[in-house]
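Visitor: The following file, coords-v8.cif, comprises mmCIF, C-alpha atoms:
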data_start
#
loop_
_atom_site.label_atom_id
_atom_site.label_comp_id
_atom_site.auth_asym_id
_atom_site.auth_seq_id
_atom_site.Cartn_x
_atom_site.Cartn_y
_atom_site.Cartn_z
CA MET A 186 28.16 28.71 -7.47
CA SER A 187 25.89 25.76 -8.28
CA ALA A 188 27.07 22.15 -8.04
CA ILE A 189 26.99 21.92 -11.85
CA GLU A 190 29.15 25.03 -12.33
CA GLU A 191 31.49 23.87 -9.56
CA LEU A 192 32.11 20.49 -11.22
CA SER A 193 32.54 22.07 -14.68
CA ARG A 194 35.12 24.46 -13.22
CA GLU A 195 37.05 21.65 -11.49
CA LEU A 196 37.04 19.48 -14.63
CA ALA A 197 38.23 22.39 -16.77
CA LYS A 198 41.41 22.52 -14.63
CA LEU A 199 42.48 19.14 -16.02
CA PRO A 200 44.99 19.18 -18.89
CA GLY A 201 43.44 19.07 -22.36
CA ILE A 202 39.92 19.70 -21.03
CA GLY A 203 38.42 23.04 -22.00
CA ARG A 204 35.23 24.71 -20.83
CA LYS A 205 32.99 22.97 -23.38
CA THR A 206 34.40 19.50 -22.76
CA ALA A 207 34.05 20.11 -19.01
CA THR A 208 30.38 21.01 -19.47
CA ARG A 209 29.82 17.95 -21.66
CA LEU A 210 31.45 15.66 -19.06
CA THR A 211 29.40 17.24 -16.26
CA TYR A 212 26.11 16.56 -18.03
CA PHE A 213 27.32 13.07 -18.95
CA LEU A 214 27.93 12.39 -15.25
CA LEU A 215 24.51 13.83 -14.36
CA LYS A 216 22.94 11.15 -16.57
CA GLN A 217 24.83 8.25 -14.98
CA PRO A 218 23.49 6.17 -12.09
CA PRO A 219 24.81 7.38 -8.68
CA ASP A 220 26.87 4.17 -8.33
CA THR A 221 28.95 4.93 -11.42
CA VAL A 222 29.52 8.52 -10.37
CA ASN A 223 30.43 7.60 -6.81
CA ARG A 224 32.90 4.99 -8.07
CA LEU A 225 34.68 7.73 -10.06
CA ALA A 226 34.71 10.12 -7.08
CA ALA A 227 36.04 7.34 -4.82
CA ALA A 228 38.75 6.37 -7.32
CA ILE A 229 39.93 9.99 -7.48
CA LYS A 230 40.01 10.27 -3.69
CA ALA A 231 41.78 6.90 -3.44
CA VAL A 232 44.74 7.81 -5.64
CA SER A 233 45.31 10.98 -3.68
CA THR A 234 45.22 9.23 -0.28
CA LEU A 235 46.67 5.77 -1.06
CA VAL A 236 49.32 6.40 -3.69
CA ARG A 237 52.78 7.56 -2.53
CA PRO A 238 56.20 7.74 -4.18
CA CYS A 239 58.50 4.80 -3.41
CA SER A 240 61.26 6.05 -1.09
CA ARG A 241 63.79 4.01 -3.05
CA CYS A 242 63.00 4.58 -6.74
CA GLY A 243 60.25 7.25 -6.81
CA ASN A 244 57.70 4.99 -8.55
CA LEU A 245 54.10 5.74 -7.53
CA SER A 246 52.26 2.89 -5.83
CA GLU A 247 50.28 1.95 -2.74
CA SER A 248 53.25 0.29 -1.01
CA ASP A 249 56.72 1.48 0.01
CA PRO A 250 59.00 0.09 -1.34
CA CYS A 251 56.97 -0.25 -4.53
CA PRO A 252 56.12 -3.73 -5.95
CA ILE A 253 58.99 -3.49 -8.47
CA CYS A 254 61.62 -2.70 -5.79
CA GLN A 255 60.19 -5.50 -3.61
CA ASP A 256 60.30 -8.13 -6.37
CA PRO A 257 63.37 -10.38 -5.81
CA ARG A 258 63.09 -11.73 -9.38
CA ARG A 259 63.95 -8.31 -10.85
CA ASP A 260 67.56 -7.83 -11.95
CA GLN A 261 69.10 -5.83 -9.09
CA GLU A 262 72.13 -4.90 -11.22
CA LEU A 263 70.17 -2.85 -13.74
CA VAL A 264 68.57 0.56 -13.06
CA CYS A 265 66.51 2.39 -15.68
CA VAL A 266 66.29 6.17 -15.10
CA VAL A 267 63.07 7.86 -16.25
CA GLU A 268 61.70 11.38 -15.93
CA GLU A 269 58.26 10.53 -14.54
CA ALA A 270 56.64 7.59 -12.73
CA SER A 271 54.15 7.41 -15.61
CA ASP A 272 57.04 6.49 -17.96
CA ILE A 273 57.54 3.20 -16.06
CA GLY A 274 54.28 1.87 -17.48
CA ALA A 275 55.52 2.43 -21.06
CA ILE A 276 58.59 0.27 -20.36
CA GLU A 277 56.78 -2.39 -18.31
CA ARG A 278 54.25 -2.89 -21.09
CA THR A 279 57.03 -4.03 -23.46
CA GLY A 280 57.71 -7.01 -21.15
CA GLU A 281 61.37 -6.74 -22.25
CA TYR A 282 62.85 -5.16 -19.15
CA ARG A 283 63.46 -7.00 -15.86
CA GLY A 284 65.60 -4.48 -13.96
CA LEU A 285 64.75 -1.73 -11.48
CA TYR A 286 63.83 1.93 -12.02
CA HIS A 287 64.75 5.38 -10.79
CA VAL A 288 62.34 8.29 -11.26
CA LEU A 289 63.97 11.73 -11.53
CA GLY A 290 60.69 13.60 -11.16
CA GLY A 291 61.16 15.70 -14.31
CA HIS A 292 63.97 17.03 -16.48
CA LEU A 293 66.47 19.88 -16.21
CA SER A 294 64.86 23.08 -17.47
CA PRO A 295 66.70 26.30 -16.56
CA LEU A 296 63.94 28.43 -18.12
CA ASP A 297 61.42 26.94 -15.70
CA GLY A 298 63.91 27.19 -12.83
CA ILE A 299 64.33 23.40 -12.57
CA GLY A 300 67.93 22.57 -11.68
CA PRO A 301 69.71 19.38 -10.53
CA ASP A 302 68.61 19.89 -6.90
CA ASP A 303 64.95 19.69 -7.95
CA LEU A 304 65.40 16.18 -9.38
CA ARG A 305 66.12 12.93 -7.50
CA ILE A 306 69.72 12.79 -8.76
CA GLU A 307 71.40 12.54 -5.36
CA GLY A 308 69.27 9.50 -4.53
CA LEU A 309 70.44 7.88 -7.76
CA GLN A 310 74.10 8.55 -6.88
CA THR A 311 73.58 6.85 -3.51
CA ARG A 312 71.88 3.81 -5.10
CA VAL A 313 74.62 3.41 -7.70
CA GLY A 314 77.61 4.40 -5.53
CA ASN A 315 80.13 2.39 -3.50
CA GLY A 316 79.12 -1.11 -2.46
CA SER A 317 75.97 -1.24 -4.55
CA GLN A 318 75.06 -4.19 -6.78
CA VAL A 319 74.28 -1.92 -9.72
CA ARG A 320 76.22 -2.78 -12.87
CA GLU A 321 74.45 -0.67 -15.48
CA VAL A 322 72.32 2.49 -15.48
CA ILE A 323 70.07 2.97 -18.53
CA LEU A 324 69.15 6.62 -19.11
CA ALA A 325 65.59 6.57 -20.48
CA THR A 326 64.73 10.26 -20.18
CA ASN A 327 62.55 11.57 -23.00
CA PRO A 328 64.05 11.96 -26.50
CA SER A 329 63.50 15.74 -26.27
CA MET A 330 66.09 18.48 -25.88
CA GLU A 331 65.50 18.68 -22.12
CA GLY A 332 65.64 14.88 -21.84
CA GLU A 333 68.98 14.79 -23.66
CA VAL A 334 70.43 17.56 -21.51
CA THR A 335 69.25 15.74 -18.39
CA ALA A 336 70.76 12.45 -19.60
CA THR A 337 74.08 14.17 -20.29
CA TYR A 338 74.05 15.77 -16.84
CA VAL A 339 73.25 12.51 -15.03
CA ARG A 340 75.93 10.73 -17.09
CA GLY A 341 78.46 13.28 -15.78
CA VAL A 342 77.35 12.85 -12.17
CA LEU A 343 77.77 9.05 -12.41
CA ALA A 344 81.21 9.26 -14.09
CA ASP A 345 83.06 8.71 -10.79
CA THR A 346 81.05 5.65 -9.79
CA GLY A 347 82.56 3.42 -12.50
CA VAL A 348 79.13 1.99 -13.32
CA GLN A 349 78.24 1.42 -16.99
CA VAL A 350 75.90 4.16 -18.22
CA THR A 351 73.84 3.62 -21.37
CA ARG A 352 71.32 5.80 -23.19
CA ILE A 353 68.07 4.39 -24.56
CA ALA A 354 68.30 4.31 -28.39
CA LEU A 355 66.73 7.15 -30.34
CA GLY A 356 64.40 4.82 -32.14
CA LEU A 357 61.76 6.97 -30.48
CA PRO A 358 60.64 9.91 -32.62
CA VAL A 359 62.73 12.90 -31.50
CA GLY A 360 60.65 15.55 -29.78
CA GLY A 361 58.13 12.93 -28.62
CA ASP A 362 57.10 11.72 -25.20
CA LEU A 363 58.10 8.31 -23.85
CA GLU A 364 54.80 7.82 -22.05
CA TYR A 365 52.82 7.70 -25.30
CA ALA A 366 55.18 5.73 -27.53
CA ASP A 367 54.01 2.34 -28.78
CA GLY A 368 55.44 -0.79 -27.14
CA VAL A 369 57.41 -2.03 -30.18
CA THR A 370 59.26 1.26 -30.51
CA VAL A 371 60.04 1.38 -26.80
CA ALA A 372 61.27 -2.25 -26.87
CA GLN A 373 63.49 -1.53 -29.88
CA ALA A 374 64.89 1.59 -28.27
CA LEU A 375 65.72 -0.42 -25.13
CA ALA A 376 67.44 -3.19 -27.11
CA ALA A 377 69.54 -0.75 -29.17
CA ARG A 378 70.80 1.21 -26.15
CA ARG A 379 74.39 2.41 -26.56
CA GLU A 380 77.29 3.11 -24.24
CA MET A 381 77.39 6.76 -23.24
CA SER A 382 80.81 8.38 -23.15
CA SER A 383 81.41 10.71 -20.24
CA MET B 174 43.63 -3.65 -9.30
CA SER B 175 45.78 -0.78 -8.02
CA ALA B 176 44.32 2.62 -7.21
CA ILE B 177 46.07 4.04 -10.27
CA GLU B 178 44.62 1.42 -12.63
CA GLU B 179 41.21 1.79 -11.01
CA LEU B 180 41.10 5.55 -11.60
CA SER B 181 42.39 5.20 -15.18
CA ARG B 182 39.64 2.68 -15.87
CA GLU B 183 36.93 4.90 -14.40
CA LEU B 184 38.16 7.97 -16.33
CA ALA B 185 38.29 5.98 -19.58
CA LYS B 186 34.52 5.42 -19.26
CA LEU B 187 33.91 9.15 -19.83
CA PRO B 188 32.96 10.19 -23.36
CA GLY B 189 35.89 11.29 -25.54
CA ILE B 190 38.48 10.01 -23.05
CA GLY B 191 40.53 7.04 -24.25
CA ARG B 192 42.99 4.84 -22.38
CA LYS B 193 45.97 7.14 -22.94
CA THR B 194 44.16 10.33 -21.95
CA ALA B 195 42.83 8.53 -18.86
CA THR B 196 46.39 7.57 -17.87
CA ARG B 197 47.61 11.11 -18.48
CA LEU B 198 44.80 12.56 -16.34
CA THR B 199 45.50 10.03 -13.57
CA TYR B 200 49.17 11.00 -13.36
CA PHE B 201 48.21 14.67 -13.56
CA LEU B 202 45.95 14.19 -10.54
CA LEU B 203 48.72 12.30 -8.71
CA LYS B 204 50.89 15.41 -9.00
CA GLN B 205 48.26 17.77 -7.60
CA PRO B 206 48.00 18.73 -3.93
CA PRO B 207 45.40 16.60 -2.05
CA ASP B 208 43.17 19.67 -1.67
CA THR B 209 42.76 20.09 -5.41
CA VAL B 210 42.06 16.40 -5.94
CA ASN B 211 39.57 16.19 -3.09
CA ARG B 212 37.75 19.25 -4.41
CA LEU B 213 37.26 17.45 -7.75
CA ALA B 214 36.08 14.25 -6.04
CA ALA B 215 33.68 16.25 -3.85
CA ALA B 216 32.33 18.17 -6.86
CA ILE B 217 31.62 14.89 -8.67
CA LYS B 218 29.86 13.43 -5.64
CA ALA B 219 27.92 16.67 -5.13
CA VAL B 220 26.35 16.76 -8.60
CA SER B 221 25.18 13.20 -8.22
CA THR B 222 23.62 13.79 -4.78
CA LEU B 223 22.44 17.42 -4.97
CA VAL B 224 21.29 17.93 -8.55
CA ARG B 225 17.77 16.81 -9.51
CA PRO B 226 15.48 17.52 -12.47
CA CYS B 227 12.93 20.28 -11.90
CA SER B 228 9.48 18.66 -11.60
CA ARG B 229 8.01 21.48 -13.68
CA CYS B 230 10.42 22.01 -16.59
CA GLY B 231 13.01 19.22 -16.30
CA ASN B 232 15.98 21.62 -15.89
CA LEU B 233 18.73 20.22 -13.68
CA SER B 234 19.46 22.20 -10.50
CA GLU B 235 19.74 21.92 -6.74
CA SER B 236 16.25 23.25 -6.09
CA ASP B 237 12.77 22.16 -7.16
CA PRO B 238 11.27 24.14 -8.87
CA CYS B 239 14.53 25.24 -10.50
CA PRO B 240 15.74 28.88 -10.19
CA ILE B 241 14.35 29.74 -13.64
CA CYS B 242 10.86 28.43 -12.83
CA GLN B 243 10.99 30.25 -9.46
CA ASP B 244 12.01 33.60 -10.96
CA PRO B 245 8.91 35.89 -11.12
CA ARG B 246 10.72 38.22 -13.54
CA ARG B 247 10.81 35.55 -16.26
CA ASP B 248 8.12 35.82 -18.94
CA GLN B 249 5.54 33.21 -17.90
CA GLU B 250 3.87 33.33 -21.32
CA LEU B 251 6.86 31.97 -23.22
CA VAL B 252 8.14 28.36 -23.05
CA CYS B 253 11.25 27.24 -24.92
CA VAL B 254 11.37 23.48 -25.56
CA VAL B 255 14.85 21.89 -25.64
CA GLU B 256 16.09 18.31 -25.89
CA GLU B 257 18.48 18.32 -22.94
CA ALA B 258 18.94 20.37 -19.76
CA SER B 259 22.46 21.17 -20.99
CA ASP B 260 20.91 23.07 -23.93
CA ILE B 261 19.44 25.63 -21.51
CA GLY B 262 22.93 26.99 -20.80
CA ALA B 263 23.48 27.71 -24.51
CA ILE B 264 20.34 29.84 -24.61
CA GLU B 265 20.86 31.52 -21.21
CA ARG B 266 24.37 32.60 -22.24
CA THR B 267 22.93 34.71 -25.08
CA GLY B 268 21.13 36.87 -22.49
CA GLU B 269 18.38 37.35 -25.13
CA TYR B 270 15.73 35.04 -23.72
CA ARG B 271 13.60 35.83 -20.66
CA GLY B 272 10.93 33.09 -20.85
CA LEU B 273 10.69 29.62 -19.30
CA TYR B 274 11.95 26.24 -20.53
CA HIS B 275 10.73 22.70 -21.03
CA VAL B 276 13.24 19.85 -21.28
CA LEU B 277 12.09 16.86 -23.36
CA GLY B 278 14.93 14.62 -22.19
CA GLY B 279 16.03 13.66 -25.72
CA HIS B 280 14.57 13.39 -29.20
CA LEU B 281 12.37 10.87 -31.01
CA SER B 282 14.52 8.06 -32.38
CA PRO B 283 12.64 4.93 -33.49
CA LEU B 284 15.91 3.11 -34.24
CA ASP B 285 16.97 3.52 -30.59
CA GLY B 286 13.47 2.67 -29.42
CA ILE B 287 12.79 6.21 -28.15
CA GLY B 288 9.15 7.09 -28.73
CA PRO B 289 6.89 9.94 -27.53
CA ASP B 290 6.26 8.21 -24.18
CA ASP B 291 9.97 8.34 -23.37
CA LEU B 292 10.03 12.14 -23.63
CA ARG B 293 8.39 14.70 -21.32
CA ILE B 294 5.76 15.61 -23.91
CA GLU B 295 2.71 14.98 -21.76
CA GLY B 296 4.09 17.35 -19.13
CA LEU B 297 4.42 20.01 -21.83
CA GLN B 298 0.80 19.49 -22.93
CA THR B 299 -0.34 19.98 -19.33
CA ARG B 300 1.74 23.15 -18.91
CA VAL B 301 0.46 24.64 -22.16
CA GLY B 302 -3.12 23.35 -21.98
CA ASN B 303 -6.39 24.86 -20.74
CA GLY B 304 -6.13 27.75 -18.31
CA SER B 305 -2.39 28.21 -18.61
CA GLN B 306 -0.71 31.58 -19.14
CA VAL B 307 1.43 30.26 -22.00
CA ARG B 308 1.09 32.28 -25.21
CA GLU B 309 3.97 30.90 -27.29
CA VAL B 310 6.01 27.69 -27.38
CA ILE B 311 9.41 27.95 -29.08
CA LEU B 312 10.68 24.59 -30.33
CA ALA B 313 14.47 24.66 -29.86
CA THR B 314 15.28 21.01 -30.44
CA ASN B 315 18.57 20.40 -32.23
CA PRO B 316 18.84 21.28 -35.96
CA SER B 317 19.39 17.59 -36.74
CA MET B 318 17.05 15.15 -38.44
CA GLU B 319 15.88 13.73 -35.11
CA GLY B 320 15.44 17.25 -33.70
CA GLU B 321 13.30 18.26 -36.69
CA VAL B 322 11.16 15.13 -36.44
CA THR B 323 10.70 15.75 -32.71
CA ALA B 324 9.74 19.40 -33.33
CA THR B 325 7.18 18.34 -35.95
CA TYR B 326 5.72 15.76 -33.57
CA VAL B 327 5.45 18.21 -30.65
CA ARG B 328 3.91 20.80 -32.98
CA GLY B 329 1.21 18.25 -33.83
CA VAL B 330 0.55 17.41 -30.18
CA LEU B 331 0.08 21.12 -29.35
CA ALA B 332 -2.22 21.80 -32.34
CA ASP B 333 -5.39 21.51 -30.23
CA THR B 334 -4.20 23.87 -27.52
CA GLY B 335 -4.42 26.97 -29.72
CA VAL B 336 -1.05 28.22 -28.44
CA GLN B 337 1.36 29.81 -30.93
CA VAL B 338 4.14 27.35 -31.80
CA THR B 339 7.39 28.62 -33.34
CA ARG B 340 10.58 26.87 -34.43
CA ILE B 341 14.03 28.26 -33.69
CA ALA B 342 15.57 29.52 -36.96
CA LEU B 343 18.01 27.28 -38.80
CA GLY B 344 20.78 29.80 -38.51
CA LEU B 345 22.50 26.99 -36.66
CA PRO B 346 24.59 24.74 -38.89
CA VAL B 347 22.39 21.78 -39.86
CA GLY B 348 23.59 18.53 -38.32
CA GLY B 349 25.17 20.40 -35.39
CA ASP B 350 24.46 20.37 -31.69
CA LEU B 351 22.77 23.28 -29.91
CA GLU B 352 24.84 22.87 -26.78
CA TYR B 353 28.09 23.78 -28.55
CA ALA B 354 26.92 26.59 -30.83
CA ASP B 355 28.38 30.06 -30.22
CA GLY B 356 26.24 32.67 -28.51
CA VAL B 357 25.79 34.96 -31.53
CA THR B 358 24.45 32.12 -33.69
CA VAL B 359 22.09 30.97 -30.95
CA ALA B 360 20.84 34.54 -30.41
CA GLN B 361 20.26 35.00 -34.14
CA ALA B 362 18.43 31.69 -34.40
CA LEU B 363 16.17 32.73 -31.51
CA ALA B 364 15.41 36.14 -33.04
CA ALA B 365 14.58 34.67 -36.49
CA ARG B 366 12.19 32.03 -35.15
CA ARG B 367 9.22 31.40 -37.46
CA GLU B 368 5.63 30.31 -37.06
CA MET B 369 5.26 26.56 -37.42
CA SER B 370 2.23 25.34 -39.36
CA SER B 371 0.50 22.29 -37.94
#
The structure in this file should be written as structure tokens.

Guide:
Amino acid sequence: MSAIEELSRELAKLPGIGRKTATRLTYFLLKQPPDTVNRLAAAIKAVSTLVRPCSRCGNLSESDPCPICQDPRRDQELVCVVEEASDIGAIERTGEYRGLYHVLGGHLSPLDGIGPDDLRIEGLQTRVGNGSQVREVILATNPSMEGEVTATYVRGVLADTGVQVTRIALGLPVGGDLEYADGVTVAQALAARREMSS
Amino acid sequence: MSAIEELSRELAKLPGIGRKTATRLTYFLLKQPPDTVNRLAAAIKAVSTLVRPCSRCGNLSESDPCPICQDPRRDQELVCVVEEASDIGAIERTGEYRGLYHVLGGHLSPLDGIGPDDLRIEGLQTRVGNGSQVREVILATNPSMEGEVTATYVRGVLADTGVQVTRIALGLPVGGDLEYADGVTVAQALAARREMSS
């Protein structure tokens, strides 16, 4: 296989990029100065070698604990639970949240064989359990069916801990994806969070 | 800047990829095994270091002359003129063409300051001129206004050479882009090519 075909094939493996887009991107890169192209290749290599999940919250960063867990100015009594590390950006961009995070690593999905043991739920229990500072857990899983089911499950698991558990408000369009919501909507959904009965 | 932000920024420079898609691709790559990610980075680096334009026809490949120019089974009497190296793939995929190519490297566009000297037109004259084997030149520039103007200009330049000059048929949708046309349309346009008067 030629270098051109090889790159087109690798690019076509990315989500939302078909064969034609992959070819177009390949020829675009062929027209760029080597510096530009090498910077892209280096950036791709760098994320795969430098970025690791935070052992405490699961956020992806180049340090462990991640910058958010290390920041003493963050409210240590508040933990926001999200499905993916990429969801943290959507909440940080609102500038309205000053607590910590916990990344589950997905949502419950029996059809895909994803059960509670495949998510970082035990780690959350430990963080929230006896002797912890945590006062409130905000469940900010996606406003989809799987996200709701996951929120309900996590709510049940935390019932014994006595911590306050809230659910992010469904100001987000139902069926949507937290990562791509606009900041105002995310901020509103955070502000209107409601107590979740167990 | 973090490695994640750096990669998102580099990806967002690609055509058709906005900030949100760049973020989505970055997090997709973060979830892949290092092998997959390194293969993509290596493929990107490889095209920029290995691939060069053919000194004869301008096709992009890892050898010079390119595999098409080196192939003795190709019809040496037929030269198909295209705007970009990426257009060659569209014609090769039809399996209907067995001649050689000549890549202009773009089209005439006075508004963008692209004149005849910016295209590989002189190289075409040399290939087609005195003592060459070439019997017919097929002008397969895009069916756009710029492509038509470029074809007319090249036709004029080749008038003195006595070679037969044909224009790919406008079976392609006018205003479209050769690179993305389907194989049947491209094949039909090649078959219905017509003599171009000087």

Visitor: Could you spell out the hits of the PyMOL selection byres ((chain A) within 9 of (chain B)) on the shown file, as a short mmCIF file (atom, residue, chain, number, x, y, z; two decimals) with C-alpha atoms, in the frame of the given file?

Guide:
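Below you can see expr04.cif, which holds the result:
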data_model
loop_
_atom_site.label_atom_id
_atom_site.label_comp_id
_atom_site.auth_asym_id
_atom_site.auth_seq_id
_atom_site.Cartn_x
_atom_site.Cartn_y
_atom_site.Cartn_z
CA SER A 187 25.89 25.76 -8.28
CA ALA A 188 27.07 22.15 -8.04
CA ILE A 189 26.99 21.92 -11.85
CA GLU A 191 31.49 23.87 -9.56
CA LEU A 192 32.11 20.49 -11.22
CA SER A 193 32.54 22.07 -14.68
CA GLU A 195 37.05 21.65 -11.49
CA LEU A 196 37.04 19.48 -14.63
CA LEU A 199 42.48 19.14 -16.02
CA PRO A 200 44.99 19.18 -18.89
CA GLY A 201 43.44 19.07 -22.36
CA LYS A 205 32.99 22.97 -23.38
CA THR A 206 34.40 19.50 -22.76
CA THR A 208 30.38 21.01 -19.47
CA ARG A 209 29.82 17.95 -21.66
CA LEU A 210 31.45 15.66 -19.06
CA THR A 211 29.40 17.24 -16.26
CA TYR A 212 26.11 16.56 -18.03
CA PHE A 213 27.32 13.07 -18.95
CA LEU A 214 27.93 12.39 -15.25
CA LEU A 215 24.51 13.83 -14.36
CA LYS A 216 22.94 11.15 -16.57
CA GLN A 217 24.83 8.25 -14.98
CA PRO A 218 23.49 6.17 -12.09
CA PRO A 219 24.81 7.38 -8.68
CA THR A 221 28.95 4.93 -11.42
CA VAL A 222 29.52 8.52 -10.37
CA ASN A 223 30.43 7.60 -6.81
CA ARG A 224 32.90 4.99 -8.07
CA LEU A 225 34.68 7.73 -10.06
CA ALA A 226 34.71 10.12 -7.08
CA ALA A 227 36.04 7.34 -4.82
CA ALA A 228 38.75 6.37 -7.32
CA ILE A 229 39.93 9.99 -7.48
CA LYS A 230 40.01 10.27 -3.69
CA ALA A 231 41.78 6.90 -3.44
CA VAL A 232 44.74 7.81 -5.64
CA SER A 233 45.31 10.98 -3.68
CA THR A 234 45.22 9.23 -0.28
CA LEU A 235 46.67 5.77 -1.06
CA VAL A 236 49.32 6.40 -3.69
CA ARG A 237 52.78 7.56 -2.53
CA LEU A 245 54.10 5.74 -7.53
CA SER A 246 52.26 2.89 -5.83
CA GLU A 247 50.28 1.95 -2.74
CA ALA A 270 56.64 7.59 -12.73
CA SER A 271 54.15 7.41 -15.61
CA GLU A 364 54.80 7.82 -22.05
CA TYR A 365 52.82 7.70 -25.30
#

Visitor: Contacts of region 325-334 of chain B at 12 Å or less, counting all atoms listed in the file, minus same-chain residues fewer than 6 places along, as a ChimeraX atom specification?

Guide: /B:254-256,275,277,280-282,288-290,292-314,318-319,340,368-371

Visitor: Would you compute the distance between CA of Pro238 (chain B) and CA of Asp355 (chain B)? Give it in Å to one decimal.

Guide: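 Result for CA of Pro238 (chain B) versus CA of Asp355 (chain B): 28.0 Å, one decimal.
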
Visitor: Which of these residues is nearest to Ala336 (chain A), using all atoms listed in the file: A:Val350, A:Val371, A:Ala377, A:Ala366?

Guide: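 Of A:Val350, A:Val371, A:Ala377, A:Ala366, the one nearest Ala336 (chain A), counting all atoms listed in the file, is A:Val350.
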
Visitor: Just to confirm, what's the straight-line distance from CA of Pro252 (chain A) to CA of Cys239 (chain A) in Å (one decimal)?

Guide: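 For CA of Pro252 (chain A) relative to CA of Cys239 (chain A), the distance reads 9.2 Å.
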
Visitor: Could you jot down the CA of Asp260 (chain B) to CA of Ile241 (chain B) separation for me, Å, one decimal place?

Guide: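 We find that CA of Asp260 (chain B) and CA of Ile241 (chain B) lie 13.9 Å from each other.
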
Visitor: Name the residues that the PyMOL selection byres ((chain B and resi 269-272) around 12) pulls out of this structure, and write them as a VMD selection string.

Guide: chain B and resid 230 241 to 254 261 to 268 273 to 275 306 to 311 356 to 364

Visitor: Please rebuild region 186-197 of chain A with N, CA and C atoms and return the result as a short mmCIF file (atom, residue, chain, number, x, y, z; two decimals), keeping the file's coordinate frame.

Guide:
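Wrote it out as rebuild_8.cif, contents follow:
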data_model
loop_
_atom_site.label_atom_id
_atom_site.label_comp_id
_atom_site.auth_asym_id
_atom_site.auth_seq_id
_atom_site.Cartn_x
_atom_site.Cartn_y
_atom_site.Cartn_z
N MET A 186 28.03 29.52 -6.25
CA MET A 186 28.16 28.71 -7.47
C MET A 186 27.37 27.40 -7.31
N SER A 187 26.67 26.99 -8.36
CA SER A 187 25.89 25.76 -8.28
C SER A 187 26.81 24.55 -8.38
N ALA A 188 26.28 23.38 -7.99
CA ALA A 188 27.07 22.15 -8.04
C ALA A 188 27.51 21.85 -9.48
N ILE A 189 26.66 22.18 -10.44
CA ILE A 189 26.99 21.92 -11.85
C ILE A 189 28.15 22.82 -12.30
N GLU A 190 28.06 24.11 -11.97
CA GLU A 190 29.15 25.03 -12.33
C GLU A 190 30.45 24.64 -11.63
N GLU A 191 30.32 24.25 -10.36
CA GLU A 191 31.49 23.87 -9.56
C GLU A 191 32.23 22.69 -10.21
N LEU A 192 31.47 21.67 -10.60
CA LEU A 192 32.11 20.49 -11.22
C LEU A 192 32.72 20.86 -12.58
N SER A 193 32.00 21.66 -13.38
CA SER A 193 32.54 22.07 -14.68
C SER A 193 33.86 22.81 -14.48
N ARG A 194 33.91 23.67 -13.48
CA ARG A 194 35.12 24.46 -13.22
C ARG A 194 36.27 23.56 -12.80
N GLU A 195 35.98 22.56 -11.94
CA GLU A 195 37.05 21.65 -11.49
C GLU A 195 37.55 20.79 -12.65
N LEU A 196 36.63 20.32 -13.49
CA LEU A 196 37.04 19.48 -14.63
C LEU A 196 37.86 20.27 -15.63
N ALA A 197 37.52 21.57 -15.79
CA ALA A 197 38.23 22.39 -16.77
C ALA A 197 39.68 22.65 -16.34
#
